[in-house]
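query_35.cif follows; it contains mmCIF, C-alpha atoms.
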data_work
loop_
_atom_site.label_atom_id
_atom_site.label_comp_id
_atom_site.auth_asym_id
_atom_site.auth_seq_id
_atom_site.Cartn_x
_atom_site.Cartn_y
_atom_site.Cartn_z
CA MET A 352 0.00 0.00 0.00
CA ILE A 353 1.29 3.46 -0.88
CA ARG A 354 1.90 5.65 2.15
CA TYR A 355 0.60 9.19 2.48
CA LEU A 356 3.00 12.06 1.97
CA TRP A 357 2.56 13.56 5.46
CA ALA A 358 1.32 12.45 8.84
CA VAL A 359 -0.28 15.83 9.59
CA PRO A 360 -3.04 15.90 12.22
CA ALA A 361 -5.50 17.52 9.79
CA VAL A 362 -4.77 14.95 7.13
CA ALA A 363 -5.07 12.05 9.54
CA LEU A 364 -8.45 13.37 10.65
CA LEU A 365 -9.54 13.69 7.04
CA SER A 366 -8.55 10.10 6.41
CA ALA A 367 -10.52 8.92 9.40
CA CYS A 368 -13.52 10.95 8.33
CA ALA A 369 -13.39 9.51 4.80
CA GLY A 370 -13.11 5.95 6.14
CA GLY A 371 -10.17 3.59 5.96
CA GLY A 372 -7.64 6.09 7.28
CA ALA A 373 -3.91 5.70 7.53
CA SER A 374 -2.64 3.26 10.11
CA PRO A 375 -0.11 4.32 12.78
CA SER A 376 2.58 2.64 10.71
CA ASP A 377 2.00 5.14 7.91
CA SER A 378 4.86 7.39 8.97
CA PRO A 379 5.66 10.67 7.16
CA THR A 380 7.99 10.68 4.22
CA PRO A 381 11.56 11.44 5.37
CA GLY A 382 12.27 15.15 5.17
CA SER A 383 8.58 16.10 5.11
CA ARG A 384 7.54 19.20 7.04
CA ASN A 385 5.24 19.41 10.01
CA ARG A 386 2.78 21.71 8.26
CA GLN A 387 0.12 23.31 10.41
CA ALA A 388 -3.35 23.89 8.94
CA PRO A 389 -5.05 27.28 9.43
CA GLN A 390 -8.07 27.76 11.69
CA SER A 391 -11.37 26.60 10.23
CA GLN A 392 -14.34 28.93 9.69
CA PRO A 393 -17.20 28.46 12.22
CA ALA A 394 -19.82 28.06 9.44
CA ILE A 395 -18.11 24.95 8.09
CA PRO A 396 -20.13 21.92 9.29
CA ASP A 397 -18.42 19.52 11.69
CA LYS A 398 -18.36 16.79 9.05
CA ASP A 399 -16.29 19.02 6.72
CA ARG A 400 -13.85 20.56 9.22
CA GLU A 401 -11.14 17.97 8.77
CA ALA A 402 -11.34 18.33 4.99
CA ALA A 403 -11.16 22.13 5.31
CA ALA A 404 -8.08 21.86 7.54
CA ALA A 405 -6.37 19.54 5.05
CA LEU A 406 -7.13 21.90 2.15
CA GLY A 407 -5.66 24.75 4.17
CA THR A 408 -2.47 22.74 4.54
CA TYR A 409 -2.34 22.03 0.81
CA ARG A 410 -2.69 25.75 0.01
CA THR A 411 0.75 26.30 1.52
CA ILE A 412 2.38 24.14 -1.18
CA ASP A 413 3.84 25.99 -4.18
CA ALA A 414 2.55 24.04 -7.18
CA CYS A 415 4.89 25.82 -9.61
CA GLY A 416 7.75 25.24 -7.18
CA LEU A 417 7.31 21.49 -7.72
CA HIS A 418 8.48 21.96 -11.31
CA ASP A 419 12.11 21.87 -12.42
CA ILE A 420 12.59 23.49 -15.82
CA GLU A 421 16.08 22.10 -16.40
CA ALA A 422 14.87 18.58 -15.58
CA ALA A 423 11.96 18.95 -18.01
CA GLU A 424 14.31 20.13 -20.77
CA LYS A 425 16.68 17.23 -20.07
CA VAL A 426 13.91 14.63 -20.22
CA THR A 427 12.18 15.97 -23.34
CA GLY A 428 15.14 17.42 -25.25
CA ASP A 429 13.07 20.57 -25.73
CA LEU A 430 13.08 24.11 -24.34
CA GLY A 431 10.96 25.70 -21.64
CA ASP A 432 8.21 27.88 -23.09
CA SER A 433 6.14 29.07 -20.10
CA ILE A 434 5.28 28.20 -16.51
CA LEU A 435 2.10 29.51 -14.89
CA ALA A 436 -0.68 28.78 -12.43
CA THR A 437 -3.98 28.38 -14.26
CA SER A 438 -7.64 29.35 -14.40
CA ASP A 439 -8.41 26.01 -12.69
CA GLY A 440 -6.98 27.36 -9.43
CA LEU A 441 -3.74 28.51 -7.80
CA ASN A 442 -2.98 24.89 -6.83
CA HIS A 443 -2.47 24.07 -10.52
CA CYS A 444 0.69 24.86 -12.49
CA GLU A 445 1.48 24.14 -16.14
CA LEU A 446 4.96 23.96 -17.65
CA HIS A 447 4.90 24.13 -21.46
CA LEU A 448 7.83 23.22 -23.70
CA HIS A 449 8.68 23.83 -27.35
CA SER A 450 11.21 22.55 -29.85
CA ALA A 451 14.25 24.44 -31.12
CA GLU A 452 12.08 25.34 -34.14
CA ASN A 453 9.62 26.97 -31.71
CA ARG A 454 6.90 24.34 -32.17
CA THR A 455 4.89 23.44 -29.08
CA THR A 456 5.73 19.94 -27.82
CA TRP A 457 4.70 19.06 -24.24
CA ARG A 458 2.49 20.17 -21.36
CA LEU A 459 3.49 19.09 -17.83
CA LYS A 460 0.69 19.96 -15.43
CA LEU A 461 0.94 19.68 -11.64
CA GLU A 462 -2.05 19.81 -9.31
CA VAL A 463 -1.84 19.89 -5.52
CA GLY A 464 -4.95 18.24 -4.08
CA ALA A 465 -6.24 16.40 -7.16
CA ARG A 466 -9.01 13.93 -6.33
CA LEU A 467 -8.40 10.19 -6.59
CA LEU A 468 -10.83 8.04 -4.61
CA SER A 469 -9.76 4.89 -2.80
CA PRO A 470 -11.85 2.55 -5.04
CA GLU A 471 -10.09 3.99 -8.11
CA ARG A 472 -6.69 3.57 -6.49
CA ARG A 473 -7.26 -0.13 -5.94
CA GLU A 474 -7.61 -0.61 -9.71
CA LEU A 475 -4.40 1.24 -10.63
CA PRO A 476 -0.81 -0.01 -10.91
CA GLU A 477 1.64 1.28 -8.30
CA ARG A 478 5.17 2.43 -9.09
CA THR A 479 8.14 3.69 -7.12
CA LEU A 480 10.11 6.44 -8.84
CA GLY A 481 13.12 7.85 -7.03
CA ALA A 482 11.66 6.69 -3.69
CA VAL A 483 8.29 8.33 -4.50
CA GLU A 484 5.35 5.91 -4.55
CA VAL A 485 2.69 6.79 -7.12
CA TYR A 486 -0.35 5.44 -8.93
CA GLN A 487 -0.23 5.49 -12.73
CA ARG A 488 -3.00 6.07 -15.27
CA GLU A 489 -2.28 5.98 -18.99
CA THR A 490 -4.18 6.73 -22.19
CA GLU A 491 -2.99 7.06 -25.75
CA ARG A 492 -2.51 10.81 -25.39
CA ASN A 493 -1.55 11.39 -21.74
CA CYS A 494 -0.08 9.93 -18.56
CA THR A 495 -0.98 10.72 -14.96
CA LEU A 496 1.11 9.96 -11.87
CA SER A 497 -0.49 10.52 -8.47
CA LYS A 498 1.13 10.61 -5.02
CA PRO A 499 -1.45 10.29 -2.20
CA LEU A 500 -1.79 13.11 0.31
CA ASP A 501 -4.74 11.47 2.07
CA ASP A 502 -7.69 9.18 1.25
CA LEU A 503 -9.10 11.64 -1.27
CA ARG A 504 -6.38 14.05 -2.44
CA THR A 505 -3.09 13.59 -4.29
CA LEU A 506 -0.15 15.40 -5.83
CA GLU A 507 -0.79 14.81 -9.52
CA LEU A 508 1.42 15.12 -12.59
CA LEU A 509 -0.36 15.05 -15.95
CA VAL A 510 1.87 14.82 -19.03
CA SER A 511 0.51 15.24 -22.55
CA PRO A 512 2.02 16.06 -25.96
CA THR A 513 0.78 19.30 -27.49
CA GLY A 514 2.38 19.22 -30.94
CA ALA A 515 1.31 17.61 -34.19
CA GLY A 516 2.56 14.15 -35.06
CA THR A 517 3.92 11.40 -32.84
CA PRO A 518 6.45 12.46 -30.19
CA ALA A 519 9.76 10.61 -29.83
CA LYS A 520 8.77 9.47 -26.32
CA LYS A 521 5.45 8.22 -24.99
CA PRO A 522 3.76 10.37 -22.32
CA CYS A 523 4.42 7.85 -19.53
CA GLN A 524 8.11 7.70 -20.43
CA VAL A 525 8.35 11.48 -20.10
CA ALA A 526 6.27 11.43 -16.90
CA THR A 527 8.28 8.72 -15.16
CA GLU A 528 11.65 10.23 -16.14
CA TYR A 529 10.54 13.71 -15.06
CA LEU A 530 9.18 12.57 -11.70
CA THR A 531 12.35 10.56 -11.08
CA GLU A 532 14.41 13.70 -11.74
CA THR A 533 12.23 15.76 -9.38
CA ALA A 534 11.66 13.12 -6.67
CA ALA A 535 13.32 15.26 -3.98
CA LEU A 536 10.73 18.00 -4.56
CA TRP A 537 7.88 15.49 -4.35
CA SER A 538 9.25 14.03 -1.13
CA ASP A 539 9.31 17.45 0.56
CA PRO A 540 7.19 19.86 -1.51
CA PRO A 541 8.26 23.52 -1.40
CA GLU A 542 6.05 25.97 0.43
CA ARG A 543 5.08 29.32 -1.07
CA ALA A 544 6.90 31.03 1.79
CA ASP A 545 10.16 29.37 0.69
CA GLY A 546 10.37 31.78 -2.25
CA ARG A 547 11.29 29.14 -4.85
CA THR A 548 9.11 30.97 -7.39
CA THR A 549 8.60 34.66 -8.15
CA PRO A 550 6.48 36.73 -8.13
CA ARG A 551 4.91 35.48 -4.92
CA LEU A 552 1.15 35.15 -5.36
CA SER A 553 -0.32 36.83 -2.29
CA LEU A 554 -3.88 35.72 -3.13
CA ALA A 555 -2.73 32.15 -2.47
CA GLU A 556 -2.23 33.15 1.18
CA GLN A 557 -5.95 33.89 1.57
CA ASP A 558 -8.66 31.39 2.54
CA PRO A 559 -11.53 31.19 0.02
CA CYS A 560 -13.91 30.16 2.83
CA THR A 561 -13.10 33.37 4.70
CA ALA A 562 -14.01 35.27 1.53
CA ALA A 563 -17.22 33.27 1.00
CA SER A 564 -18.28 33.83 4.62
CA ALA A 565 -19.02 37.45 3.68
CA VAL A 566 -22.27 36.39 1.96
CA LEU A 567 -23.56 33.91 4.55
CA ASP A 568 -26.18 36.44 5.70
CA THR A 569 -27.72 36.17 2.22
CA TYR A 570 -28.84 32.63 3.02
CA GLY A 571 -30.35 33.17 6.46
CA GLU A 572 -29.96 31.31 9.72
CA GLY A 573 -27.89 28.14 9.59
CA ALA A 574 -26.13 29.07 6.35
CA GLU A 575 -23.06 26.93 5.72
CA LEU A 576 -19.67 27.01 4.02
CA ASN A 577 -18.58 24.14 1.81
CA PRO A 578 -14.80 23.86 1.13
CA VAL A 579 -15.14 22.26 -2.30
CA GLU A 580 -11.54 22.56 -3.58
CA VAL A 581 -8.11 23.72 -2.46
CA PHE A 582 -8.80 27.27 -3.68
CA ALA A 583 -12.60 27.23 -3.89
CA CYS A 584 -15.39 27.50 -1.31
CA GLU A 585 -19.16 27.84 -1.48
CA ALA A 586 -21.59 29.68 0.80
CA GLY A 587 -25.20 28.52 0.77
CA PRO A 588 -28.26 27.59 2.82
CA LYS A 589 -28.23 24.71 5.26
CA PRO A 590 -29.34 21.67 3.26
CA ASP A 591 -32.93 20.57 3.86
CA PRO A 592 -33.31 16.88 2.99
CA GLN A 593 -37.10 17.33 2.73
CA ALA A 594 -37.00 20.21 0.25
CA PRO A 595 -36.85 19.66 -3.54
CA ARG A 596 -33.42 20.47 -4.97
CA THR A 597 -34.86 23.03 -7.36
CA SER A 598 -36.29 25.11 -4.50
CA ALA A 599 -32.94 25.71 -2.76
CA PRO A 600 -31.13 29.00 -3.51
CA ARG A 601 -27.98 28.49 -5.52
CA ALA A 602 -24.74 28.75 -3.55
CA THR A 603 -22.21 31.52 -4.10
CA ARG A 604 -18.85 30.07 -5.12
CA VAL A 605 -15.52 31.86 -4.58
CA SER A 606 -12.40 30.65 -6.39
CA PHE A 607 -8.85 32.00 -6.55
CA VAL A 608 -7.28 31.65 -10.02
CA LEU A 609 -4.67 33.05 -12.38
CA ASP A 610 -5.93 34.14 -15.78
CA SER A 611 -5.67 36.82 -18.44
CA ASP A 612 -6.84 40.35 -17.61
CA PRO A 613 -10.67 40.07 -17.56
CA ALA A 614 -10.93 43.51 -19.19
CA ARG A 615 -10.34 41.67 -22.47
CA LEU A 616 -13.77 40.03 -22.05
CA VAL A 617 -15.51 43.40 -22.28
CA ALA A 618 -14.07 44.09 -25.72
CA ALA A 619 -14.58 40.52 -26.93
CA LEU A 620 -18.06 39.72 -25.58
CA GLY A 621 -21.36 41.53 -25.63
CA ASN A 622 -22.48 40.07 -22.29
CA ALA A 623 -19.62 41.44 -20.17
CA GLY A 624 -19.25 44.79 -18.43
CA GLU A 625 -16.79 46.55 -16.13
CA LEU A 626 -17.33 47.13 -12.41
CA ALA A 627 -15.47 49.18 -9.81
CA LEU A 628 -15.27 47.37 -6.49
CA GLY A 629 -13.43 49.00 -3.61
CA GLY A 630 -10.89 50.52 -5.95
CA ARG A 631 -10.30 47.24 -7.77
CA LYS A 632 -11.04 46.48 -11.39
CA ALA A 633 -13.68 43.85 -12.02
CA VAL A 634 -15.71 42.41 -14.87
CA ILE A 635 -19.23 40.96 -14.64
CA LEU A 636 -20.23 38.30 -17.13
CA GLN A 637 -23.60 36.65 -17.79
CA GLN A 638 -23.05 32.92 -18.29
CA GLY A 639 -25.93 30.61 -19.13
CA ASN A 640 -28.18 30.39 -16.07
CA GLY A 641 -25.68 32.10 -13.79
CA CYS A 642 -23.33 35.02 -13.46
CA SER A 643 -19.60 35.45 -12.84
CA VAL A 644 -17.60 38.35 -11.46
CA TYR A 645 -13.83 38.39 -11.98
CA VAL A 646 -12.08 40.75 -9.56
CA VAL A 647 -8.44 41.70 -10.11
CA TRP A 648 -6.68 41.03 -6.81
CA ASP A 649 -3.48 42.98 -7.48
CA GLN A 650 -3.17 45.00 -10.67
CA ASP A 651 0.55 45.55 -10.04
CA THR A 652 1.50 41.87 -9.95
CA GLY A 653 1.05 40.85 -13.56
CA ILE A 654 2.84 37.93 -15.20
CA VAL A 655 3.66 38.10 -18.91
CA GLU A 656 2.35 34.95 -20.60
CA ASP A 657 3.89 35.50 -24.04
CA ARG A 658 6.47 38.20 -24.78
CA ARG A 659 6.47 37.42 -28.50
CA ALA A 660 2.81 38.27 -28.98
CA ARG A 661 2.10 41.50 -30.86
CA THR A 662 0.29 42.69 -27.73
CA PRO A 663 1.85 40.89 -24.74
CA VAL A 664 -0.75 39.00 -22.71
CA THR A 665 -0.60 39.48 -18.95
CA ALA A 666 -1.97 37.01 -16.39
CA LEU A 667 -3.35 38.33 -13.09
CA GLU A 668 -4.49 36.90 -9.78
CA LEU A 669 -8.29 36.89 -9.87
CA VAL A 670 -11.08 36.32 -7.38
CA HIS A 671 -13.79 34.50 -9.35
CA ILE A 672 -17.26 34.84 -7.83
CA SER A 673 -20.07 32.74 -9.26
CA THR A 674 -23.72 33.45 -8.36
CA ALA A 675 -27.21 32.56 -9.53
CA SER A 676 -27.89 35.92 -11.18
CA CYS A 677 -26.17 39.14 -12.14
CA GLU A 678 -28.68 41.01 -9.97
CA SER A 679 -27.10 39.48 -6.87
CA ALA A 680 -23.55 39.18 -8.21
CA GLN A 681 -22.41 42.77 -7.69
CA ALA A 682 -23.66 42.93 -4.10
CA ALA A 683 -21.98 39.61 -3.33
CA ALA A 684 -18.74 40.74 -4.94
CA GLU A 685 -18.71 43.98 -2.92
CA LYS A 686 -19.03 42.04 0.35
CA ILE A 687 -16.38 39.52 -0.62
CA VAL A 688 -13.87 42.16 -1.71
CA ALA A 689 -14.40 44.07 1.54
CA LYS A 690 -13.86 40.87 3.52
CA LEU A 691 -10.59 40.09 1.75
CA GLY A 692 -9.14 43.55 2.32
CA THR A 693 -6.11 44.81 0.44
CA PRO A 694 -3.40 42.57 -1.01
CA SER A 695 -0.15 42.24 0.85
CA ARG A 696 3.03 42.87 -1.09
CA PRO A 697 5.46 40.17 0.06
CA ALA A 698 9.07 41.14 -0.40
CA ASP A 699 10.93 39.20 -3.07
CA SER A 700 13.53 37.03 -1.38
CA GLY A 701 15.90 37.47 -4.31
CA THR A 702 16.67 33.74 -4.21
CA ALA A 703 13.86 32.45 -6.45
CA GLU A 704 14.87 29.66 -8.80
CA ILE A 705 11.84 30.00 -11.09
CA THR A 706 10.38 33.18 -12.59
CA LEU A 707 6.76 32.60 -13.56
CA GLY A 708 5.55 33.44 -17.04
CA ASP A 709 7.17 33.33 -20.47
CA LEU A 710 10.50 31.51 -20.38
CA ASP A 711 11.82 32.68 -23.79
#
Kindly present the structure from the file in structure tokens form.
Amino acid sequence: MIRYLWAVPAVALLSACAGGGASPSDSPTPGSRNRQAPQSQPAIPDKDREAAAALGTYRTIDACGLHDIEAAEKVTGDLGDSILATSDGLNHCELHLHSAENRTTWRLKLEVGARLLSPERRELPERTLGAVEVYQRETERNCTLSKPLDDLRTLELLVSPTGAGTPAKKPCQVATEYLTETAALWSDPPERADGRTTPRLSLAEQDPCTAASAVLDTYGEGAELNPVEVFACEAGPKPDPQAPRTSAPRATRVSFVLDSDPARLVAALGNAGELALGGRKAVILQQGNGCSVYVVWDQDTGIVEDRRARTPVTALELVHISTASCESAQAAAEKIVAKLGTPSRPADSGTAEITLGDLD
């Protein structure tokens, strides 16, 4: 059986809550840190508190810091193109590579806290790569290696070719060689506070459930918080098992992501408009049967995605707020922005090994 990466109290509690938790013999990986989870929000139900504590612990891990650009270039024979967190959440980080002829070749995507349920794990082959025990999943076009964090969450590496034609190596060959080269990072994942990457993303130091708690009053007495992902949380009414699903108000979801400046949506789409929220730029967007507000967290911490573009594209830290309607979206966004306060400006340590953004 593959052991969990850490024996952290929050993680052990999560395992016990999920059923079939780690045994006392499941000792922490050598060199692993004694990470302490942040305090849980009172509106999180008792059944979800252990999960919330574990997610808080995982937010401290620097997903981009788990990458090693030189190792990726060595394994693929290609050149680093870009490295960025993604619109999926600040716990995701993609490293893209290209050939000497500037053709895109590979995408190496890391996710801290990817889901992989115990029943699925039992069906997967186990491998040991550089002392790191992982589960492997393989398709014709990609390969996934997963290192358990607890009964539900993993460190996940997804490798897929991005160019035309058949690559010289299969995805699982690239994945296994790359993880072997970076095994030390997987055994003791870097924290954001370590300063391995720059710029430091200060939004990643916030708790999305703290942000979502600002709209609990919208849902009346007994309203609850649901920590759905590492950087996402929902605020909504206390579930009523007797009430039809369609009658319950839709929850407000808060996510922390990295994406292109949302102002581009206003020019490109007819259903988007600009907002001013507490001095921050924001864009409101009607989407199907719901509404999204994208709030720029820190306008001064932009990351250039592609320097060769005619108009360089800049990625920004964004607070993504999803609500049932645009009528309620602006009021919700105002409360959430006020709750988060102003961004901190962490000093650059000057010792970062990876600069996020375009690598050319």
For segment 599-612 of chain A, find every residue with an atom within 7 Å (counting all atoms listed in the file), except residues of its own chain fewer than 4 positions away, and show them as a compact mmCIF listing (two decimals) with C-alpha atoms, in the coordinates of the input.
# COMPACT_ATOMS: atom_id res chain seq x y z
CA ALA A 436 -0.68 28.78 -12.43
CA THR A 437 -3.98 28.38 -14.26
CA SER A 438 -7.64 29.35 -14.40
CA ASP A 439 -8.41 26.01 -12.69
CA GLY A 440 -6.98 27.36 -9.43
CA LEU A 441 -3.74 28.51 -7.80
CA PRO A 559 -11.53 31.19 0.02
CA ALA A 563 -17.22 33.27 1.00
CA PHE A 582 -8.80 27.27 -3.68
CA ALA A 583 -12.60 27.23 -3.89
CA CYS A 584 -15.39 27.50 -1.31
CA GLU A 585 -19.16 27.84 -1.48
CA ALA A 586 -21.59 29.68 0.80
CA GLY A 587 -25.20 28.52 0.77
CA VAL A 664 -0.75 39.00 -22.71
CA THR A 665 -0.60 39.48 -18.95
CA ALA A 666 -1.97 37.01 -16.39
CA LEU A 667 -3.35 38.33 -13.09
CA GLU A 668 -4.49 36.90 -9.78
CA LEU A 669 -8.29 36.89 -9.87
CA VAL A 670 -11.08 36.32 -7.38
CA HIS A 671 -13.79 34.50 -9.35
CA ILE A 672 -17.26 34.84 -7.83
CA SER A 673 -20.07 32.74 -9.26
CA THR A 674 -23.72 33.45 -8.36
CA ALA A 675 -27.21 32.56 -9.53
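If you look at atom CA of Pro663 of chain A and atom CA of Val646 of chain A, they are 20.6 Å away from each other.
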Evaluate the PyMOL selection byres ((chain A and resi 684) around 10) against this structure - the residues, as a ChimeraX atom specification, please. /A:562-563,565-566,603,605,626,628-629,633,635,643-646,670-674,679-683,685-690
For the atom pair atom CA of Leu509 of chain A and atom CA of Ala544 of chain A, what is the interatomic distance in Å to one decimal place?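 Distance between the two atoms: 25.0 Å.
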Do you know which residues the PyMOL selection byres ((chain A and resi 622) around 6) returns on this file, as a list in words?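 When the PyMOL selection byres ((chain A and resi 622) around 6) is applied, the selected residues are Leu620, Gly621, Ala623, Leu636 and Gln637 of chain A.
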Quick check on the file I pasted: which residues fall under the PyMOL selection byres ((chain A and resi 510) around 7)? Write them as a VMD selection string. chain A and resid 458 to 460 493 to 495 508 to 509 511 522 526
Restricting the output to C-alpha atoms, write the selected residues as a PDB file, in the coordinates of the input.
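Output file again09.pdb is given in full below:
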ATOM      1  CA  ARG A 458       2.490  20.170 -21.360  1.00  0.00           C
ATOM      2  CA  LEU A 459       3.490  19.090 -17.830  1.00  0.00           C
ATOM      3  CA  LYS A 460       0.690  19.960 -15.430  1.00  0.00           C
ATOM      4  CA  ASN A 493      -1.550  11.390 -21.740  1.00  0.00           C
ATOM      5  CA  CYS A 494      -0.080   9.930 -18.560  1.00  0.00           C
ATOM      6  CA  THR A 495      -0.980  10.720 -14.960  1.00  0.00           C
ATOM      7  CA  LEU A 508       1.420  15.120 -12.590  1.00  0.00           C
ATOM      8  CA  LEU A 509      -0.360  15.050 -15.950  1.00  0.00           C
ATOM      9  CA  SER A 511       0.510  15.240 -22.550  1.00  0.00           C
ATOM     10  CA  PRO A 522       3.760  10.370 -22.320  1.00  0.00           C
ATOM     11  CA  ALA A 526       6.270  11.430 -16.900  1.00  0.00           C
TER      12      ALA A 526
END
Coordinates-based distance that separates atom CA of Ala465 of chain A from atom CA of Asp501 of chain A (Å, one decimal):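 Taking atom CA of Asp501 of chain A and atom CA of Ala465 of chain A, their separation equals 10.6 Å.
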Centre and edges of the segment 546-559 of chain A box, axis-aligned, 5 Å extra per side, as JSON:
{"center_x": -0.1, "center_y": 33.0, "center_z": -2.8, "size_x": 32.8, "size_y": 17.7, "size_z": 20.7}
Which residue gives the smallest distance to Asp657 of chain A among A:Leu468, A:Ala402, A:Leu576, A:Leu707, with all atoms listed in the file counted?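 Checking each candidate against Asp657 of chain A, we get A:Leu707 as the closest.
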Which one is closest to Pro518 of chain A: A:Asp502, A:Arg696, A:Glu491, A:Leu616? Count only C-alpha atoms. A:Glu491
Near Gly464 of chain A, counting all atoms listed in the file, which residues have an atom at most 8 Å away, once you skip same-chain residues fewer than 3 positions from it, shown as a VMD selection string? chain A and resid 406 409 442 500 504 to 507 580 to 581
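For the set A:Cys677, A:Leu710, A:Arg543, A:Tyr486, the residue with the smallest atom-to-atom gap to Glu556 of chain A is A:Arg543, counting only C-alpha atoms.
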9 Å contact set for segment 447-455 of chain A, only C-alpha atoms, chain neighbours under 2 positions out, as a PDB file with C-alpha atoms, in the coordinates of the input:
ATOM      1  CA  ALA A 423      11.960  18.950 -18.010  1.00  0.00           C
ATOM      2  CA  GLU A 424      14.310  20.130 -20.770  1.00  0.00           C
ATOM      3  CA  THR A 427      12.180  15.970 -23.340  1.00  0.00           C
ATOM      4  CA  GLY A 428      15.140  17.420 -25.250  1.00  0.00           C
ATOM      5  CA  ASP A 429      13.070  20.570 -25.730  1.00  0.00           C
ATOM      6  CA  LEU A 430      13.080  24.110 -24.340  1.00  0.00           C
ATOM      7  CA  GLY A 431      10.960  25.700 -21.640  1.00  0.00           C
ATOM      8  CA  ASP A 432       8.210  27.880 -23.090  1.00  0.00           C
ATOM      9  CA  SER A 433       6.140  29.070 -20.100  1.00  0.00           C
ATOM     10  CA  ILE A 434       5.280  28.200 -16.510  1.00  0.00           C
ATOM     11  CA  LEU A 435       2.100  29.510 -14.890  1.00  0.00           C
ATOM     12  CA  GLU A 445       1.480  24.140 -16.140  1.00  0.00           C
ATOM     13  CA  TRP A 457       4.700  19.060 -24.240  1.00  0.00           C
ATOM     14  CA  ARG A 458       2.490  20.170 -21.360  1.00  0.00           C
ATOM     15  CA  LEU A 459       3.490  19.090 -17.830  1.00  0.00           C
ATOM     16  CA  LYS A 460       0.690  19.960 -15.430  1.00  0.00           C
ATOM     17  CA  PRO A 512       2.020  16.060 -25.960  1.00  0.00           C
ATOM     18  CA  THR A 513       0.780  19.300 -27.490  1.00  0.00           C
ATOM     19  CA  GLY A 514       2.380  19.220 -30.940  1.00  0.00           C
ATOM     20  CA  ALA A 515       1.310  17.610 -34.190  1.00  0.00           C
TER      21      ALA A 515
END
Show me, as a ChimeraX atom specification, the residues that have an atom within 8 Å of Asp399 of chain A when counting all atoms listed in the file, minus same-chain residues fewer than 4 positions from it. /A:395,403,577-578
Output file for the residues above (C-alpha atoms, as a PDB file, in the frame of the given file):
ATOM      1  CA  ILE A 395     -18.110  24.950   8.090  1.00  0.00           C
ATOM      2  CA  ALA A 403     -11.160  22.130   5.310  1.00  0.00           C
ATOM      3  CA  ASN A 577     -18.580  24.140   1.810  1.00  0.00           C
ATOM      4  CA  PRO A 578     -14.800  23.860   1.130  1.00  0.00           C
TER       5      PRO A 578
END
Could you list, with a cut-off of 7 Å and counting all atoms listed in the file, the residues of segment 428-512 of chain A near segment 527-537 of chain A, each shown with its nearest atom pair and the distance in Å rounded to one decimal, rows sorted by chain and ascending number, as JSON lines?
{"residue": "A:Leu480", "atom": "CA", "partner": "A:Thr531", "partner_atom": "CA", "distance": 5.2}
{"residue": "A:Gly481", "atom": "CA", "partner": "A:Thr531", "partner_atom": "CA", "distance": 4.9}
{"residue": "A:Val483", "atom": "CA", "partner": "A:Ala534", "partner_atom": "CA", "distance": 6.2}
Here is a test: counting all atoms listed in the file, which residue of A:Pro613, A:Ala555, A:Asp709, A:Gly624 is nearest to Ser695 of chain A?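 Residue with the minimum atom-to-atom distance to Ser695 of chain A: A:Ala555.
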Taking into account all atoms listed in the file, which residue in the set A:Leu567, A:Val647, A:Cys523, A:Leu503 is nearest to Leu467 of chain A?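 Closest to Leu467 of chain A of all the choices is A:Leu503.
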